[in-house]
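A.B. asks: As input, take coords.txt (compact mmCIF, C-alpha atoms and all ligand atoms):
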# COMPACT_ATOMS: atom_id res chain seq x y z
CA MET A 16 -5.77 24.09 15.63
CA THR A 17 -4.04 20.76 16.09
CA ALA A 18 -4.99 17.99 13.73
CA GLN A 19 -6.29 14.62 14.85
CA LEU A 20 -3.59 11.99 14.38
CA ILE A 21 -4.61 9.03 12.21
CA ASP A 22 -2.66 6.24 13.88
CA GLY A 23 -1.75 3.52 11.37
CA ASN A 24 -0.44 1.20 14.07
CA ALA A 25 -3.65 1.36 16.12
CA LEU A 26 -5.87 0.89 13.06
CA SER A 27 -3.66 -1.95 11.86
CA LYS A 28 -4.10 -3.70 15.19
CA GLN A 29 -7.90 -3.61 14.83
CA ILE A 30 -7.88 -4.80 11.22
CA ARG A 31 -5.28 -7.51 11.89
CA ALA A 32 -7.42 -8.85 14.77
CA ASP A 33 -10.27 -9.23 12.28
CA VAL A 34 -7.92 -10.92 9.78
CA ALA A 35 -6.85 -13.37 12.50
CA ARG A 36 -10.49 -14.18 13.31
CA ARG A 37 -11.34 -14.78 9.65
CA ALA A 38 -8.15 -16.83 9.11
CA ALA A 39 -9.13 -19.03 12.07
CA ALA A 40 -12.62 -19.49 10.59
CA LEU A 41 -11.08 -20.57 7.27
CA GLY A 42 -8.68 -22.83 9.16
CA ALA A 43 -11.64 -24.59 10.75
CA ARG A 44 -12.69 -25.44 7.17
CA GLY A 45 -9.23 -26.87 6.45
CA VAL A 46 -7.83 -23.88 4.55
CA THR A 47 -4.86 -21.88 5.86
CA PRO A 48 -4.33 -18.65 3.88
CA GLY A 49 -0.83 -18.78 2.38
CA LEU A 50 1.40 -15.95 1.15
CA ALA A 51 4.61 -16.36 -0.87
CA VAL A 52 7.06 -13.48 -0.65
CA ILE A 53 9.93 -13.32 -3.14
CA LEU A 54 12.95 -11.13 -2.48
CA VAL A 55 15.72 -10.81 -5.05
CA GLY A 56 18.96 -9.15 -3.96
CA ASP A 57 20.06 -7.60 -0.70
CA ASN A 58 18.39 -4.19 -0.55
CA PRO A 59 18.41 -3.56 3.24
CA ALA A 60 15.05 -1.76 3.31
CA SER A 61 13.41 -4.54 1.29
CA GLN A 62 14.83 -7.10 3.70
CA VAL A 63 13.11 -5.29 6.58
CA TYR A 64 9.79 -5.04 4.72
CA VAL A 65 9.69 -8.71 3.74
CA ARG A 66 10.61 -9.75 7.27
CA ASN A 67 7.77 -7.59 8.59
CA LYS A 68 5.35 -9.16 6.09
CA VAL A 69 6.34 -12.69 7.13
CA LYS A 70 6.04 -11.78 10.82
CA ALA A 71 2.62 -10.18 10.25
CA CYS A 72 1.48 -13.45 8.64
CA GLN A 73 2.82 -15.50 11.55
CA ASP A 74 1.17 -13.24 14.13
CA ASN A 75 -2.24 -13.44 12.49
CA GLY A 76 -2.62 -17.09 11.53
CA LEU A 77 -1.49 -16.92 7.90
CA HIS A 78 1.03 -19.33 6.41
CA SER A 79 3.93 -17.67 4.61
CA VAL A 80 6.90 -18.72 2.55
CA LEU A 81 9.86 -16.38 2.06
CA GLU A 82 12.00 -17.11 -1.00
CA GLN A 83 15.24 -15.14 -1.06
CA TYR A 84 17.50 -15.12 -4.11
CA PRO A 85 20.80 -13.45 -4.91
CA ALA A 86 20.79 -10.31 -7.10
CA THR A 87 22.29 -12.45 -9.88
CA LEU A 88 19.09 -14.53 -10.27
CA SER A 89 18.10 -14.57 -13.94
CA GLU A 90 14.77 -13.20 -15.09
CA ALA A 91 13.88 -16.61 -16.56
CA ASP A 92 14.50 -18.33 -13.23
CA LEU A 93 12.39 -15.78 -11.39
CA LEU A 94 9.53 -16.21 -13.87
CA ALA A 95 9.75 -19.99 -13.40
CA ARG A 96 9.46 -19.58 -9.61
CA VAL A 97 6.40 -17.36 -10.00
CA GLN A 98 4.80 -19.92 -12.33
CA ALA A 99 5.45 -22.70 -9.81
CA LEU A 100 3.77 -20.63 -7.06
CA ASN A 101 0.81 -19.92 -9.37
CA ASN A 102 0.29 -23.69 -9.45
CA ASP A 103 0.79 -24.28 -5.71
CA PRO A 104 -2.61 -24.78 -4.02
CA ALA A 105 -1.19 -23.92 -0.55
CA ILE A 106 -0.29 -20.44 -1.81
CA HIS A 107 -3.15 -17.94 -2.23
CA GLY A 108 -1.10 -14.77 -2.58
CA ILE A 109 2.21 -14.07 -4.33
CA LEU A 110 4.27 -10.93 -4.08
CA VAL A 111 7.61 -10.01 -5.54
CA GLN A 112 9.26 -7.32 -3.47
CA LEU A 113 10.13 -4.16 -5.43
CA PRO A 114 12.51 -2.80 -6.53
CA LEU A 115 14.01 -5.66 -8.52
CA PRO A 116 17.60 -5.68 -9.83
CA ALA A 117 17.97 -3.70 -13.08
CA HIS A 118 18.43 -6.75 -15.33
CA ILE A 119 14.95 -8.02 -14.45
CA ASP A 120 11.87 -6.54 -16.12
CA ALA A 121 9.48 -5.90 -13.20
CA HIS A 122 6.48 -5.60 -15.54
CA LYS A 123 7.14 -9.02 -17.01
CA VAL A 124 7.40 -10.52 -13.53
CA ILE A 125 4.21 -8.89 -12.27
CA GLU A 126 2.30 -9.96 -15.40
CA THR A 127 3.38 -13.56 -14.71
CA ILE A 128 1.65 -13.60 -11.30
CA SER A 129 -1.86 -15.06 -11.61
CA PRO A 130 -4.38 -12.21 -11.11
CA LEU A 131 -6.15 -14.58 -8.68
CA LYS A 132 -3.01 -14.46 -6.46
CA ASP A 133 -1.95 -10.86 -7.15
CA VAL A 134 -2.30 -9.64 -3.56
CA ASP A 135 -0.15 -6.57 -4.27
CA GLY A 136 -2.77 -5.52 -6.85
CA PHE A 137 -0.03 -4.57 -9.34
CA HIS A 138 -1.06 -6.80 -12.28
CA VAL A 139 -2.58 -5.02 -15.29
CA ALA A 140 -5.71 -7.13 -14.77
CA SER A 141 -5.99 -5.85 -11.18
CA ALA A 142 -5.44 -2.25 -12.33
CA GLY A 143 -8.07 -2.72 -15.05
CA ALA A 144 -10.54 -4.25 -12.61
CA LEU A 145 -10.09 -1.26 -10.31
CA MET A 146 -10.59 1.11 -13.24
CA VAL A 147 -13.93 -0.44 -14.26
CA GLY A 148 -15.16 -1.35 -10.78
CA GLN A 149 -14.87 -5.12 -11.16
CA PRO A 150 -13.69 -7.46 -8.36
CA GLY A 151 -9.90 -7.61 -8.06
CA PHE A 152 -7.14 -6.84 -5.61
CA LYS A 153 -6.58 -3.22 -4.66
CA PRO A 154 -2.95 -2.10 -4.22
CA CYS A 155 -2.20 -2.24 -0.49
CA THR A 156 -0.95 1.32 0.10
CA PRO A 157 -3.91 3.20 -1.43
CA TYR A 158 -6.31 0.61 0.03
CA GLY A 159 -4.80 1.36 3.45
CA CYS A 160 -5.22 5.10 2.87
CA MET A 161 -8.93 4.58 2.15
CA LYS A 162 -9.26 2.61 5.40
CA MET A 163 -7.57 5.46 7.26
CA LEU A 164 -10.09 7.95 5.86
CA GLU A 165 -12.94 5.62 6.82
CA SER A 166 -11.51 5.24 10.35
CA ILE A 167 -12.02 8.94 11.06
CA GLY A 168 -15.45 9.06 9.40
CA CYS A 169 -14.16 10.96 6.37
CA ASN A 170 -16.41 9.97 3.45
CA PRO A 171 -14.84 11.21 0.18
CA LYS A 172 -18.27 11.55 -1.51
CA GLY A 173 -18.68 15.09 -2.82
CA LYS A 174 -15.25 16.14 -1.54
CA HIS A 175 -12.36 17.45 -3.59
CA ALA A 176 -9.38 15.12 -3.27
CA VAL A 177 -5.95 16.06 -4.57
CA VAL A 178 -3.44 13.26 -5.10
CA ILE A 179 0.17 14.35 -5.51
CA GLY A 180 2.05 11.66 -7.43
CA ARG A 181 1.09 9.45 -10.37
CA SER A 182 2.92 6.18 -9.76
CA ASN A 183 1.26 2.94 -10.81
CA ILE A 184 1.42 1.54 -7.29
CA VAL A 185 0.16 4.55 -5.30
CA GLY A 186 -0.91 7.75 -7.10
CA LYS A 187 -3.02 6.31 -9.93
CA PRO A 188 -4.83 3.61 -7.91
CA MET A 189 -5.34 6.11 -5.07
CA ALA A 190 -7.08 8.45 -7.50
CA MET A 191 -9.26 5.58 -8.79
CA LEU A 192 -10.30 4.55 -5.27
CA LEU A 193 -11.20 8.13 -4.38
CA LEU A 194 -13.15 8.47 -7.63
CA GLN A 195 -14.96 5.20 -6.89
CA ALA A 196 -15.87 6.74 -3.52
CA SER A 197 -17.41 9.69 -5.43
CA ALA A 198 -14.77 12.32 -4.71
CA THR A 199 -13.85 14.92 -7.30
CA VAL A 200 -10.24 13.99 -7.96
CA THR A 201 -7.27 16.01 -9.16
CA ILE A 202 -3.96 14.28 -9.84
CA CYS A 203 -0.90 16.53 -9.56
CA HIS A 204 2.64 15.55 -10.49
CA SER A 205 6.10 16.84 -11.28
CA ALA A 206 4.86 18.78 -14.34
CA THR A 207 1.98 20.51 -12.49
CA PRO A 208 2.88 24.22 -12.66
CA ASP A 209 1.23 25.55 -9.48
CA LEU A 210 0.79 22.70 -7.02
CA ALA A 211 -0.37 24.95 -4.17
CA HIS A 212 -3.21 26.31 -6.32
CA HIS A 213 -4.66 22.79 -6.42
CA THR A 214 -3.88 21.63 -2.88
CA ARG A 215 -5.43 24.79 -1.36
CA GLN A 216 -8.79 23.72 -2.80
CA ALA A 217 -8.57 20.18 -1.46
CA ASP A 218 -10.68 18.66 1.32
CA ILE A 219 -8.40 15.60 1.16
CA VAL A 220 -4.73 15.66 0.14
CA VAL A 221 -2.72 12.49 -0.46
CA ALA A 222 1.00 13.15 -0.84
CA ALA A 223 2.84 10.30 -2.61
CA VAL A 224 5.93 11.77 -4.23
CA GLY A 225 8.92 10.60 -2.20
CA LYS A 226 10.27 14.09 -1.52
CA ARG A 227 10.39 15.98 1.76
CA ASN A 228 8.23 19.08 2.36
CA VAL A 229 6.19 18.70 -0.84
CA LEU A 230 3.22 19.89 1.21
CA THR A 231 3.63 22.78 3.63
CA ALA A 232 1.09 24.56 5.84
CA ASP A 233 0.51 27.45 3.38
CA MET A 234 -0.61 24.90 0.75
CA VAL A 235 -3.39 23.39 2.87
CA LYS A 236 -6.99 24.51 3.33
CA PRO A 237 -7.91 24.79 7.02
CA GLY A 238 -9.68 21.60 8.10
CA ALA A 239 -8.40 19.42 5.25
CA VAL A 240 -7.51 15.76 5.85
CA VAL A 241 -3.89 14.98 4.92
CA ILE A 242 -2.53 11.52 4.15
CA ASP A 243 1.25 11.21 3.87
CA VAL A 244 2.51 8.25 1.82
CA GLY A 245 6.10 9.50 1.57
CA MET A 246 9.10 7.86 3.21
CA ASN A 247 12.22 9.98 3.25
CA ARG A 248 15.10 10.80 5.58
CA ASN A 249 15.62 14.29 7.00
CA ASP A 250 19.02 15.94 7.53
CA GLU A 251 19.42 14.09 10.84
CA GLY A 252 18.70 10.77 9.10
CA LYS A 253 15.28 10.48 10.76
CA LEU A 254 12.41 8.95 8.79
CA CYS A 255 9.94 11.55 7.53
CA GLY A 256 7.19 11.82 4.95
CA ASP A 257 6.40 14.19 2.08
CA VAL A 258 4.44 16.51 4.36
CA ASP A 259 5.84 19.17 6.70
CA PHE A 260 4.11 17.47 9.61
CA ASP A 261 4.66 20.16 12.28
CA GLY A 262 3.35 22.97 10.08
CA VAL A 263 0.52 21.12 8.36
CA SER A 264 -0.83 19.59 11.58
CA LYS A 265 -1.63 23.14 12.75
CA VAL A 266 -3.92 23.67 9.72
CA ALA A 267 -5.36 20.25 8.86
CA SER A 268 -8.21 18.57 10.77
CA ALA A 269 -6.54 15.14 10.55
CA ILE A 270 -3.14 13.91 9.44
CA THR A 271 -1.16 10.66 9.21
CA PRO A 272 2.30 10.52 10.83
CA VAL A 273 5.48 9.06 9.33
CA PRO A 274 6.46 6.61 10.70
CA GLY A 275 3.37 4.90 12.11
CA GLY A 276 0.86 5.99 9.49
CA VAL A 277 0.44 4.59 6.01
CA GLY A 278 3.47 2.21 6.24
CA PRO A 279 1.98 -0.29 8.71
CA MET A 280 -1.35 -0.10 6.85
CA THR A 281 0.37 -1.29 3.65
CA ILE A 282 1.31 -4.56 5.34
CA THR A 283 -2.10 -4.84 7.00
CA MET A 284 -3.93 -4.58 3.69
CA LEU A 285 -1.60 -7.23 2.25
CA LEU A 286 -2.92 -9.58 4.95
CA VAL A 287 -6.49 -8.59 4.08
CA ASN A 288 -5.89 -9.27 0.37
CA THR A 289 -4.23 -12.64 1.10
CA LEU A 290 -7.11 -13.65 3.33
CA GLU A 291 -9.60 -12.62 0.63
CA ALA A 292 -7.65 -14.60 -1.99
CA ALA A 293 -7.89 -17.67 0.25
CA GLU A 294 -11.60 -17.08 0.92
CA ARG A 295 -12.27 -16.82 -2.83
CA ALA A 296 -10.23 -19.96 -3.54
CA ALA A 297 -12.15 -21.82 -0.82
CA GLN A 298 -15.46 -20.80 -2.45
CA ALA A 299 -14.39 -21.75 -5.95
N1 LIG A 301 5.92 -5.81 -3.82
C1 LIG A 301 5.91 -4.64 -3.19
N2 LIG A 301 7.00 -3.88 -3.15
C2 LIG A 301 6.95 -2.69 -2.50
C3 LIG A 301 5.78 -2.25 -1.84
C4 LIG A 301 4.64 -3.08 -1.92
O1 LIG A 301 3.53 -2.76 -1.38
N3 LIG A 301 4.74 -4.27 -2.59
N4 LIG A 301 5.77 -1.07 -1.11
C5 LIG A 301 7.03 -0.46 -0.73
C6 LIG A 301 7.70 -1.04 0.48
N5 LIG A 301 6.80 -1.57 1.54
C7 LIG A 301 6.26 -2.78 1.34
O2 LIG A 301 6.68 -3.60 0.60
C8 LIG A 301 6.68 -0.93 2.80
C9 LIG A 301 7.34 0.22 3.10
C10 LIG A 301 7.26 0.76 4.39
C11 LIG A 301 6.50 0.16 5.38
C12 LIG A 301 6.46 0.66 6.79
O3 LIG A 301 5.82 0.05 7.61
N6 LIG A 301 7.15 1.75 7.12
C13 LIG A 301 7.26 2.19 8.48
C14 LIG A 301 8.66 2.67 8.74
C15 LIG A 301 9.68 1.62 8.50
C16 LIG A 301 11.08 2.07 8.82
O4 LIG A 301 11.34 2.44 9.96
O5 LIG A 301 11.94 2.04 7.90
C17 LIG A 301 6.28 3.32 8.76
O6 LIG A 301 5.95 4.07 7.82
O7 LIG A 301 5.88 3.43 9.90
C18 LIG A 301 5.82 -0.98 5.06
C19 LIG A 301 5.90 -1.52 3.78
C20 LIG A 301 8.01 -0.59 -1.90
N7 LIG A 301 8.07 -1.91 -2.41
MG MG A 302 4.74 9.45 -8.38
Please render this file's structure as structure tokens.
C.D. replies:
Amino acid sequence: MTAQLIDGNALSKQIRADVARRAAALGARGVTPGLAVILVGDNPASQVYVRNKVKACQDNGLHSVLEQYPATLSEADLLARVQALNNDPAIHGILVQLPLPAHIDAHKVIETISPLKDVDGFHVASAGALMVGQPGFKPCTPYGCMKMLESIGCNPKGKHAVVIGRSNIVGKPMAMLLLQASATVTICHSATPDLAHHTRQADIVVAAVGKRNVLTADMVKPGAVVIDVGMNRNDEGKLCGDVDFDGVSKVASAITPVPGGVGPMTITMLLVNTLEAAERAAQA
């Protein structure tokens, strides 16, 4: 059996076209959705991601502002910039690219972003809203994973979903979204004694650990849907996920590739959240 490929680039293209249509409709009412992206330091990967976010805005009719600061920026100065953007009516979404330099408390920075502009969905208020099913922004990566499931007609209701990883930005919100969609959810992590015991029972597996070959073919139930959130480098320096793609794609019914899977969807859902922030602001 060869699994169906869930193409994040193709799905992104469809969703971004819809974002562009809705942005144009808002524009006709005099509102251009605006995203502020803050990058502190010179992490090369972060530089690529923020550039891609700005370009995605440009390509789809969103206004964006990129603020780049040296790694020596003080926490107080960063907090002041976030506050200024909270008060800027042309900006509907604010994101601070992670990771931040060690001298800056990322929690403090995220908690300073207005929940109304928290398009990354990382604020405690956004996490709480997700937990209790209230309106709020969903973190982009797990939101994108849910869209990928939907794109292949995989409804989590009544299914057993296993999430590997318990980070605040992927594992935990992913589990909440699957639970909200009426899946039975198991969260596994580094202290789970027999990971394969859990993954073998799963109809849906989401791997979000950041370690190669966390999920191999022998750990997957035939026909399961596998979503790979990992981004790692193999021995040849090639980008790969957490899943042994070649092996698992012979067992699973559907699988996301790395690259070209969850990654592009993360940026796409950022556009969706920014557009929604602007739509809400226009209604208010
Ligand atoms: N403030 C935030 N910081 C970080 C987030 C985030 O959502 N908000 N997530 C990651 C980085 N990230 C976005 O910021 C991100 C990572 C990877 C991709 C992506 O498209 N990956 C490509 C491959 C890219 C490559 O070749 O290196 C893919 O998977 O196809 C998009 C966004 C941490 N920080
Ligand atoms: Mg984790």
A.B. asks: Could you pull the residues within 6 Å of A:Ala211, counting all atoms listed in the file, minus those fewer than 3 positions along the same chain, as a list in words?
C.D. replies: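 The neighbour list is Thr214, Arg215 and Met234 of chain A.
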A.B. asks: Could you write those residues out with C-alpha atoms, as a PDB file, keeping the file's coordinate frame?
C.D. replies:
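Result file is result_3.pdb:
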ATOM      1  CA  THR A 214      -3.880  21.630  -2.880  1.00  0.00           C
ATOM      2  CA  ARG A 215      -5.430  24.790  -1.360  1.00  0.00           C
ATOM      3  CA  MET A 234      -0.610  24.900   0.750  1.00  0.00           C
TER       4      MET A 234
END
A.B. asks: Which residue out of A:Lys174, A:Arg96, A:Lys132, A:Lys68 has the minimum interatomic distance to A:Glu294 when all atoms listed in the file are used?
C.D. replies: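 Closest candidate: A:Lys132.
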A.B. asks: Using only C-alpha atoms, which protein or nucleic acid residues come within 9 Å of A:Pro237? Drop anything in the same chain fewer than 6 positions from it, and give the result as a PyMOL selection string.
C.D. replies: chain A and resi 16+215+218+265-268
A.B. asks: Any idea what's packed within 8 Å of A:Phe152, counting all atoms listed in the file, ignoring anything in its chain fewer than 6 positions away? Could you give it as a list of chain:residue names?
C.D. replies: A:Asp133, A:Val134, A:Asp135, A:Gly136, A:Ser141, A:Leu145, A:Asn288
A.B. asks: Could the residues in this selection be written to a file with C-alpha atoms, as a JSON list (two decimals), keeping the file's coordinate frame?
C.D. replies:
[["chain", "number", "residue", "atom", "x", "y", "z"],
["A", 133, "ASP", "CA", -1.95, -10.86, -7.15],
["A", 134, "VAL", "CA", -2.30, -9.64, -3.56],
["A", 135, "ASP", "CA", -0.15, -6.57, -4.27],
["A", 136, "GLY", "CA", -2.77, -5.52, -6.85],
["A", 141, "SER", "CA", -5.99, -5.85, -11.18],
["A", 145, "LEU", "CA", -10.09, -1.26, -10.31],
["A", 288, "ASN", "CA", -5.89, -9.27, 0.37]]
A.B. asks: Taking 4 positions as the minimum chain separation for residues in the same chain, which residues sit within 8 Å of stretch 170-172 of chain A when counting only C-alpha atoms? Answer as a PyMOL selection string.
C.D. replies: chain A and resi 164-165+176+193+196-198+219
A.B. asks: What is the atom CA of A:Gln195 to atom CA of A:Gly173 distance in Å?
C.D. replies: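 Value for the atom CA of A:Gln195-atom CA of A:Gly173 distance: 11.3 Å.
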A.B. asks: Which distance in Å separates atom CA of A:Asp250 and atom CA of A:Arg66, to one decimal?
C.D. replies: 27.0 Å
A.B. asks: One decimal, in Å: what's the spacing between atom CA of A:Val97 and atom CA of A:Val124?
C.D. replies: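 Atom-to-atom, atom CA of A:Val97 and atom CA of A:Val124 are spaced 7.8 Å apart.
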A.B. asks: Could stretch 212-244 of chain A be completed with N, CA and C atoms and written as a compact mmCIF listing (two decimals), keeping the file's coordinate frame, please?
C.D. replies:
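Result file part.txt:
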# COMPACT_ATOMS: atom_id res chain seq x y z
N HIS A 212 -1.90 25.88 -5.82
CA HIS A 212 -3.21 26.31 -6.32
C HIS A 212 -4.21 25.16 -6.20
N HIS A 213 -3.77 23.96 -6.48
CA HIS A 213 -4.66 22.79 -6.42
C HIS A 213 -4.85 22.32 -4.97
N THR A 214 -3.75 22.20 -4.24
CA THR A 214 -3.88 21.63 -2.88
C THR A 214 -4.70 22.55 -1.97
N ARG A 215 -4.66 23.86 -2.21
CA ARG A 215 -5.43 24.79 -1.36
C ARG A 215 -6.94 24.61 -1.51
N GLN A 216 -7.35 23.95 -2.59
CA GLN A 216 -8.79 23.72 -2.80
C GLN A 216 -9.23 22.36 -2.27
N ALA A 217 -8.27 21.59 -1.77
CA ALA A 217 -8.57 20.18 -1.46
C ALA A 217 -9.15 20.00 -0.06
N ASP A 218 -10.17 19.11 0.02
CA ASP A 218 -10.68 18.66 1.32
C ASP A 218 -9.83 17.49 1.81
N ILE A 219 -9.28 16.75 0.85
CA ILE A 219 -8.40 15.60 1.16
C ILE A 219 -7.15 15.74 0.30
N VAL A 220 -5.98 15.67 0.91
CA VAL A 220 -4.73 15.66 0.14
C VAL A 220 -4.00 14.35 0.44
N VAL A 221 -3.57 13.67 -0.62
CA VAL A 221 -2.72 12.49 -0.46
C VAL A 221 -1.38 12.82 -1.11
N ALA A 222 -0.33 12.82 -0.32
CA ALA A 222 1.00 13.15 -0.84
C ALA A 222 1.79 11.85 -1.04
N ALA A 223 2.15 11.56 -2.29
CA ALA A 223 2.84 10.30 -2.61
C ALA A 223 3.90 10.57 -3.66
N VAL A 224 4.90 11.34 -3.28
CA VAL A 224 5.93 11.77 -4.23
C VAL A 224 7.28 11.14 -3.90
N GLY A 225 7.60 11.07 -2.61
CA GLY A 225 8.92 10.60 -2.20
C GLY A 225 9.92 11.75 -2.12
N LYS A 226 9.42 12.91 -1.65
CA LYS A 226 10.27 14.09 -1.52
C LYS A 226 9.80 14.87 -0.30
N ARG A 227 10.74 15.26 0.53
CA ARG A 227 10.39 15.98 1.76
C ARG A 227 9.73 17.32 1.47
N ASN A 228 8.84 17.74 2.37
CA ASN A 228 8.23 19.08 2.36
C ASN A 228 7.54 19.44 1.03
N VAL A 229 6.98 18.46 0.38
CA VAL A 229 6.19 18.70 -0.84
C VAL A 229 4.92 19.47 -0.47
N LEU A 230 4.43 19.22 0.75
CA LEU A 230 3.22 19.89 1.21
C LEU A 230 3.53 20.63 2.51
N THR A 231 3.38 21.96 2.44
CA THR A 231 3.63 22.78 3.63
C THR A 231 2.31 23.47 4.04
N ALA A 232 2.33 24.05 5.23
CA ALA A 232 1.09 24.56 5.84
C ALA A 232 0.36 25.56 4.93
N ASP A 233 1.12 26.42 4.25
CA ASP A 233 0.51 27.45 3.38
C ASP A 233 -0.21 26.85 2.17
N MET A 234 -0.01 25.57 1.93
CA MET A 234 -0.61 24.90 0.75
C MET A 234 -1.88 24.14 1.12
N VAL A 235 -2.29 24.23 2.39
CA VAL A 235 -3.39 23.39 2.87
C VAL A 235 -4.57 24.24 3.33
N LYS A 236 -5.77 23.82 2.90
CA LYS A 236 -6.99 24.51 3.33
C LYS A 236 -7.27 24.15 4.80
N PRO A 237 -7.61 25.12 5.62
CA PRO A 237 -7.91 24.79 7.02
C PRO A 237 -8.99 23.70 7.11
N GLY A 238 -8.70 22.68 7.91
CA GLY A 238 -9.68 21.60 8.10
C GLY A 238 -9.52 20.42 7.15
N ALA A 239 -8.59 20.53 6.20
CA ALA A 239 -8.40 19.42 5.25
C ALA A 239 -7.85 18.18 5.98
N VAL A 240 -8.08 17.03 5.35
CA VAL A 240 -7.51 15.76 5.85
C VAL A 240 -6.28 15.45 5.00
N VAL A 241 -5.16 15.16 5.64
CA VAL A 241 -3.89 14.98 4.92
C VAL A 241 -3.32 13.58 5.17
N ILE A 242 -3.09 12.87 4.08
CA ILE A 242 -2.53 11.52 4.15
C ILE A 242 -1.13 11.56 3.52
N ASP A 243 -0.15 11.12 4.29
CA ASP A 243 1.25 11.21 3.87
C ASP A 243 1.79 9.82 3.54
N VAL A 244 2.01 9.57 2.26
CA VAL A 244 2.51 8.25 1.82
C VAL A 244 4.03 8.23 1.72
